[in-house]
file my_file10.txt (compact mmCIF, C-alpha atoms)
# COMPACT_ATOMS: atom_id res chain seq x y z
CA MET A 100 28.57 3.86 8.22
CA ILE A 101 25.27 3.63 6.35
CA THR A 102 25.64 7.29 5.39
CA ALA A 103 28.95 6.43 3.71
CA GLY A 104 27.21 3.63 1.83
CA PHE A 105 24.61 6.06 0.48
CA ILE A 106 27.28 8.57 -0.55
CA VAL A 107 29.30 5.95 -2.43
CA ALA A 108 26.16 4.63 -4.14
CA ILE A 109 25.07 8.10 -5.23
CA LEU A 110 28.54 8.95 -6.55
CA ILE A 111 28.56 5.76 -8.63
CA GLU A 112 25.01 6.19 -9.93
CA ILE A 113 25.55 9.81 -10.98
CA GLY A 114 29.27 9.83 -11.74
CA LEU A 115 29.90 6.54 -13.56
CA PRO A 116 27.94 7.49 -16.73
CA PHE A 117 30.01 10.66 -17.14
CA VAL A 118 33.24 8.76 -16.51
CA LEU A 119 32.35 6.17 -19.15
CA GLY A 120 31.24 8.89 -21.55
CA TYR A 121 34.52 10.75 -21.07
CA LEU A 122 36.60 7.59 -21.58
CA PHE A 123 34.74 6.58 -24.74
CA ILE A 124 34.90 10.09 -26.17
CA ARG A 125 38.60 10.41 -25.45
CA ARG A 126 39.44 6.93 -26.75
CA TYR A 127 37.32 6.99 -29.91
CA ARG A 128 37.15 10.76 -30.56
CA THR A 129 33.37 10.79 -30.76
CA GLY A 130 31.91 13.70 -28.78
CA TRP A 131 29.44 14.56 -26.08
CA PHE A 132 26.83 15.13 -28.77
CA LEU A 133 26.47 11.37 -29.21
CA PHE A 134 26.30 10.88 -25.44
CA PHE A 135 23.37 13.27 -25.26
CA VAL A 136 21.72 11.63 -28.27
CA GLY A 137 21.81 8.47 -26.15
CA VAL A 138 20.13 10.44 -23.37
CA LEU A 139 17.41 11.53 -25.80
CA THR A 140 16.83 8.00 -27.09
CA PHE A 141 16.17 6.81 -23.54
CA ILE A 142 13.83 9.72 -22.80
CA GLY A 143 12.04 9.22 -26.11
CA SER A 144 11.55 5.53 -25.44
CA GLN A 145 10.00 6.23 -22.05
CA VAL A 146 7.68 8.90 -23.42
CA LEU A 147 6.02 6.09 -25.38
CA HIS A 148 6.80 3.13 -23.11
CA ILE A 149 5.19 4.46 -19.93
CA PRO A 150 1.80 5.37 -21.54
CA ALA A 151 1.80 1.99 -23.29
CA LEU A 152 2.24 0.23 -19.94
CA GLN A 153 -0.50 2.35 -18.38
CA GLY A 154 -2.83 1.61 -21.29
CA LEU A 155 -2.24 -2.15 -21.11
CA THR A 156 -2.74 -2.09 -17.34
CA ALA A 157 -6.08 -0.32 -17.79
CA LEU A 158 -7.18 -2.85 -20.44
CA PHE A 159 -6.42 -5.75 -18.10
CA GLN A 160 -8.11 -4.06 -15.16
CA ASN A 161 -11.35 -3.24 -17.00
CA GLY A 162 -11.59 -6.72 -18.51
CA THR A 163 -10.98 -5.74 -22.12
CA LEU A 164 -8.00 -8.09 -22.10
CA PRO A 165 -8.33 -11.39 -20.21
CA THR A 166 -6.16 -11.75 -17.13
CA PRO A 167 -3.97 -14.88 -17.25
CA PRO A 168 -4.44 -17.57 -14.57
CA VAL A 169 -2.74 -16.84 -11.26
CA THR A 170 -0.38 -19.80 -11.71
CA ILE A 171 1.26 -18.28 -14.77
CA LEU A 172 0.67 -14.58 -14.02
CA PRO A 173 4.22 -13.88 -12.71
CA TYR A 174 5.72 -15.43 -15.84
CA PHE A 175 3.27 -13.62 -18.11
CA ASN A 176 4.07 -10.26 -16.50
CA ALA A 177 7.82 -10.89 -16.70
CA VAL A 178 7.66 -11.82 -20.39
CA LEU A 179 5.36 -8.92 -21.29
CA LEU A 180 7.33 -6.28 -19.36
CA GLY A 181 10.64 -7.55 -20.70
CA LEU A 182 9.50 -7.56 -24.33
CA LEU A 183 7.93 -4.12 -24.07
CA ALA A 184 11.10 -2.66 -22.57
CA GLY A 185 13.19 -4.27 -25.29
CA LEU A 186 10.93 -3.15 -28.14
CA PHE A 187 10.60 0.46 -27.06
CA GLU A 188 14.22 1.04 -26.08
CA GLU A 189 15.84 -0.79 -28.99
CA THR A 190 13.53 0.95 -31.43
CA ALA A 191 14.53 4.29 -29.94
CA ARG A 192 18.21 3.39 -30.40
CA TRP A 193 17.51 2.29 -33.98
CA VAL A 194 15.81 5.61 -34.75
CA GLY A 195 18.75 7.47 -33.21
CA TYR A 196 21.24 5.68 -35.46
CA ARG A 197 19.08 6.15 -38.55
CA VAL A 198 18.74 9.88 -37.90
CA LEU A 199 22.46 10.35 -37.24
CA LYS A 200 23.58 8.13 -40.14
CA GLN A 201 27.33 8.71 -40.76
CA ARG A 202 27.76 10.58 -37.47
CA ALA A 203 27.06 7.38 -35.54
CA ASP A 204 28.58 4.89 -37.96
CA SER A 205 31.39 3.60 -35.76
CA TRP A 206 32.08 1.29 -32.84
CA GLY A 207 33.03 4.23 -30.61
CA ALA A 208 29.81 6.03 -31.48
CA ALA A 209 27.79 2.99 -30.43
CA LEU A 210 29.61 2.82 -27.10
CA THR A 211 29.15 6.55 -26.50
CA LEU A 212 25.45 6.48 -27.33
CA GLY A 213 25.03 3.45 -25.06
CA ALA A 214 26.72 5.27 -22.19
CA GLY A 215 24.28 8.14 -22.64
CA HIS A 216 21.21 5.92 -22.97
CA GLY A 217 21.96 3.86 -19.88
CA GLY A 218 23.65 6.77 -18.17
CA ILE A 219 20.63 9.03 -17.94
CA GLU A 220 18.66 6.21 -16.31
CA SER A 221 21.46 5.77 -13.77
CA ILE A 222 21.69 9.53 -13.17
CA LEU A 223 17.93 9.79 -12.59
CA VAL A 224 18.13 6.94 -10.08
CA GLY A 225 21.06 8.64 -8.36
CA VAL A 226 19.26 11.99 -8.17
CA THR A 227 16.20 10.27 -6.67
CA VAL A 228 18.35 8.51 -4.08
CA LEU A 229 20.15 11.79 -3.36
CA ALA A 230 16.85 13.61 -2.78
CA GLY A 231 15.67 10.88 -0.42
CA PHE A 232 19.02 10.93 1.37
CA ILE A 233 18.85 14.70 1.91
CA ASN A 234 15.26 14.54 3.15
CA SER A 235 16.00 11.82 5.70
CA VAL A 236 19.64 12.50 6.55
CA GLY A 237 18.87 12.77 10.25
CA MET A 238 17.17 9.37 10.39
CA ILE A 239 19.35 7.27 8.08
CA GLU A 240 21.76 6.14 10.80
CA LEU A 241 18.78 4.87 12.79
CA ALA A 242 17.45 2.80 9.88
CA PRO A 243 17.65 -1.01 10.27
CA LEU A 244 20.06 -1.32 7.35
CA SER A 245 23.61 -2.53 6.95
CA TRP A 246 26.22 -0.11 5.59
CA TYR A 247 26.38 -2.02 2.31
CA ASP A 248 22.60 -2.11 1.61
CA PRO A 249 22.56 1.24 -0.26
CA LEU A 250 25.24 -0.15 -2.59
CA ALA A 251 22.72 -2.60 -4.11
CA GLY A 252 21.38 0.21 -6.26
CA ALA A 253 24.87 1.07 -7.46
CA VAL A 254 25.54 -2.57 -8.36
CA GLU A 255 22.29 -2.66 -10.31
CA ARG A 256 23.26 0.47 -12.25
CA ILE A 257 26.67 -0.99 -13.16
CA ILE A 258 24.96 -4.12 -14.52
CA ALA A 259 22.36 -2.02 -16.35
CA LEU A 260 25.04 0.19 -17.92
CA SER A 261 26.87 -2.87 -19.24
CA LEU A 262 23.56 -4.05 -20.71
CA HIS A 263 22.70 -0.73 -22.34
CA ILE A 264 26.12 -0.41 -23.93
CA THR A 265 25.91 -3.98 -25.24
CA LEU A 266 22.43 -3.38 -26.63
CA SER A 267 23.53 -0.15 -28.28
CA VAL A 268 26.30 -2.01 -30.09
CA MET A 269 23.84 -4.71 -31.19
CA VAL A 270 21.45 -2.15 -32.65
CA TRP A 271 24.34 -0.30 -34.29
CA LEU A 272 25.36 -3.57 -35.96
CA SER A 273 21.78 -4.02 -37.14
CA VAL A 274 21.81 -0.59 -38.78
CA SER A 275 25.38 -0.58 -40.11
CA ARG A 276 25.18 -4.11 -41.52
CA ARG A 277 21.51 -3.87 -42.50
CA ASN A 278 20.84 -7.06 -40.59
CA ALA A 279 17.54 -7.17 -38.70
CA TRP A 280 18.66 -10.18 -36.64
CA TRP A 281 20.96 -7.98 -34.56
CA PHE A 282 17.94 -5.84 -33.65
CA VAL A 283 15.94 -8.96 -32.75
CA ALA A 284 18.87 -10.20 -30.65
CA ALA A 285 19.00 -6.86 -28.80
CA VAL A 286 15.26 -6.96 -28.03
CA LEU A 287 15.44 -10.54 -26.79
CA TRP A 288 18.60 -10.01 -24.70
CA HIS A 289 17.01 -6.94 -23.09
CA ALA A 290 13.79 -8.90 -22.51
CA LEU A 291 15.67 -11.79 -20.91
CA LEU A 292 17.40 -9.64 -18.30
CA ASP A 293 14.20 -7.77 -17.48
CA PHE A 294 12.30 -11.09 -17.37
CA ALA A 295 14.75 -12.40 -14.76
CA ALA A 296 14.55 -9.23 -12.67
CA VAL A 297 10.73 -9.03 -12.71
CA LEU A 298 10.34 -12.72 -11.94
CA MET A 299 12.70 -12.60 -8.96
CA VAL A 300 10.87 -9.58 -7.54
CA SER A 301 7.53 -11.41 -8.05
CA PHE A 302 8.82 -14.39 -6.07
CA GLY A 303 10.00 -12.18 -3.22
CA TRP A 304 13.76 -12.59 -3.58
CA SER A 305 15.86 -10.35 -1.37
CA THR A 306 17.55 -7.33 -2.94
CA TRP A 307 21.05 -8.78 -2.74
CA ALA A 308 19.92 -12.16 -4.04
CA ILE A 309 18.45 -10.39 -7.08
CA GLU A 310 21.58 -8.33 -7.63
CA GLY A 311 23.75 -11.41 -7.23
CA MET A 312 21.80 -13.25 -9.90
CA LEU A 313 21.75 -10.25 -12.25
CA ALA A 314 25.50 -9.85 -11.75
CA LEU A 315 25.89 -13.02 -13.82
CA PHE A 316 24.87 -10.94 -16.82
CA LEU A 317 27.79 -8.53 -16.37
CA PRO A 318 30.61 -10.83 -17.59
CA VAL A 319 28.32 -12.07 -20.37
CA ASN A 320 27.75 -8.48 -21.54
CA LEU A 321 31.48 -7.80 -21.48
CA ALA A 322 32.13 -11.01 -23.41
CA LEU A 323 29.53 -10.04 -26.01
CA LEU A 324 31.15 -6.63 -26.43
CA TYR A 325 34.51 -8.29 -26.96
CA LEU A 326 33.09 -10.70 -29.53
CA MET A 327 31.19 -7.98 -31.41
CA HIS A 328 34.19 -5.69 -31.75
call {"tool": "encode", "arguments": {"input": "my_file10.txt", "output": "structure tokens"}}
result
Amino acid sequence: MITAGFIVAILIEIGLPFVLGYLFIRRYRTGWFLFFVGVLTFIGSQVLHIPALQGLTALFQNGTLPTPPVTILPYFNAVLLGLLAGLFEETARWVGYRVLKQRADSWGAALTLGAGHGGIESILVGVTVLAGFINSVGMIELAPLSWYDPLAGAVERIIALSLHITLSVMVWLSVSRRNAWWFVAAVLWHALLDFAAVLMVSFGWSTWAIEGMLALFLPVNLALLYLMH
């Protein structure tokens, strides 16, 4: 049974981005080009984001930057990691829209780019899970896991995709309406979700407890998309 759970999770993590991309492209007549621009914006953000995290970590470890007191350290880390993720990823989206200009000046384009941006993250997670599944296929049934445990990753990707699409629309509104507050809202909304996730991990919450709490963001993201349309 646990093998079936892994297979379903992998299919969702790898397949859902392409399904969403196809639906958006067919509905709004955008094109796979925009989907892959979204992929590039995610990759570009991580090319800068990951070294920035490593650099900050080194500065804290060597004492160049003072380490916060232990009592507030989990909150400090959650705020810092959330804001950095928001700044790097929303800036990458903003650059993507500015470069594309008229080619991305539509609601459908924003949705398509968002599916690509969040989709490549989901696909990479799915490929990693698939590689681990293949390498340990003979031992998985012996693992002390329930059949539904592998699905936690799939649930997380669904929530993350809803977030990335919502954020892409926010940044698109910032560019198309020349209103910086939409960009600020995207950074802060991204930071809030990441803050919650990091903090729950820091406090040792179980995987399903974390996913259950993060699932509260899903209907909010859908409501925001409806209101922004």
call {"tool": "closest_residue", "arguments": {"input": "my_file10.txt", "among": "A:Gly218, A:Ala296, A:Ile171, A:Ala290", "to": "Ala314 (chain A)", "atoms": "all atoms listed in the file"}}
result
A:Ala296
call {"tool": "closest_residue", "arguments": {"input": "my_file10.txt", "among": "A:Arg128, A:His263, A:Lys200, A:Arg256", "to": "Leu313 (chain A)", "atoms": "all atoms listed in the file"}}
result
A:Arg256
call {"tool": "atom_distance", "arguments": {"input": "my_file10.txt", "atom1": "CA of Ser275 (chain A)", "atom2": "CA of Val118 (chain A)"}}
result
26.6 Å
call {"tool": "residues_around", "arguments": {"input": "my_file10.txt", "residues": "Pro116 (chain A)", "least_positions_apart": "5", "cutoff": "10 Å", "atoms": "all atoms listed in the file", "output": "list in words"}}
result
Ile111, Tyr121, Leu122, Phe134, Thr211, Gly213, Ala214, Gly215, His216, Gly217, Gly218, Ile219, Glu220, Ser221, Ile222, Arg256, Ile257 and Leu260 of chain A
call {"tool": "atom_distance", "arguments": {"input": "my_file10.txt", "atom1": "CA of Leu250 (chain A)", "atom2": "CA of Thr227 (chain A)"}}
result
14.4 Å
call {"tool": "atom_distance", "arguments": {"input": "my_file10.txt", "atom1": "CA of Ser267 (chain A)", "atom2": "CA of Arg192 (chain A)"}}
result
6.7 Å
call {"tool": "closest_residue", "arguments": {"input": "my_file10.txt", "among": "A:Leu147, A:Thr163, A:Leu172, A:Ile109", "to": "Ser301 (chain A)", "atoms": "all atoms listed in the file"}}
result
A:Leu172
call {"tool": "closest_residue", "arguments": {"input": "my_file10.txt", "among": "A:Val198, A:Val297, A:Val228, A:Leu115", "to": "Ala251 (chain A)", "atoms": "all atoms listed in the file"}}
result
A:Val228
call {"tool": "closest_residue", "arguments": {"input": "my_file10.txt", "among": "A:Ala230, A:Leu180, A:Leu223, A:Met269", "to": "Trp281 (chain A)", "atoms": "all atoms listed in the file"}}
result
A:Met269
call {"tool": "residues_around", "arguments": {"input": "my_file10.txt", "residues": "Ala108 (chain A)", "least_positions_apart": "4", "cutoff": "10 Å", "atoms": "all atoms listed in the file", "output": "PDB file with C-alpha atoms, in the coordinates of the input"}}
result
ATOM      1  CA  THR A 102      25.640   7.290   5.390  1.00  0.00           C
ATOM      2  CA  ALA A 103      28.950   6.430   3.710  1.00  0.00           C
ATOM      3  CA  GLY A 104      27.210   3.630   1.830  1.00  0.00           C
ATOM      4  CA  GLU A 112      25.010   6.190  -9.930  1.00  0.00           C
ATOM      5  CA  ILE A 113      25.550   9.810 -10.980  1.00  0.00           C
ATOM      6  CA  GLY A 114      29.270   9.830 -11.740  1.00  0.00           C
ATOM      7  CA  GLY A 225      21.060   8.640  -8.360  1.00  0.00           C
ATOM      8  CA  VAL A 228      18.350   8.510  -4.080  1.00  0.00           C
ATOM      9  CA  LEU A 229      20.150  11.790  -3.360  1.00  0.00           C
ATOM     10  CA  TYR A 247      26.380  -2.020   2.310  1.00  0.00           C
ATOM     11  CA  ASP A 248      22.600  -2.110   1.610  1.00  0.00           C
ATOM     12  CA  PRO A 249      22.560   1.240  -0.260  1.00  0.00           C
ATOM     13  CA  LEU A 250      25.240  -0.150  -2.590  1.00  0.00           C
ATOM     14  CA  ALA A 251      22.720  -2.600  -4.110  1.00  0.00           C
ATOM     15  CA  GLY A 252      21.380   0.210  -6.260  1.00  0.00           C
ATOM     16  CA  ALA A 253      24.870   1.070  -7.460  1.00  0.00           C
ATOM     17  CA  VAL A 254      25.540  -2.570  -8.360  1.00  0.00           C
ATOM     18  CA  ARG A 256      23.260   0.470 -12.250  1.00  0.00           C
TER      19      ARG A 256
END
call {"tool": "closest_residue", "arguments": {"input": "my_file10.txt", "among": "A:Ile309, A:Leu182, A:Ala209, A:Leu298", "to": "His328 (chain A)", "atoms": "all atoms listed in the file"}}
result
A:Ala209
call {"tool": "residues_around", "arguments": {"input": "my_file10.txt", "residues": "Glu189 (chain A)", "least_positions_apart": "4", "cutoff": "8 Å", "atoms": "all atoms listed in the file", "output": "list in words"}}
result
Gly185, Trp193, Leu266, Ser267, Val270, Phe282, Ala285 and Val286 of chain A
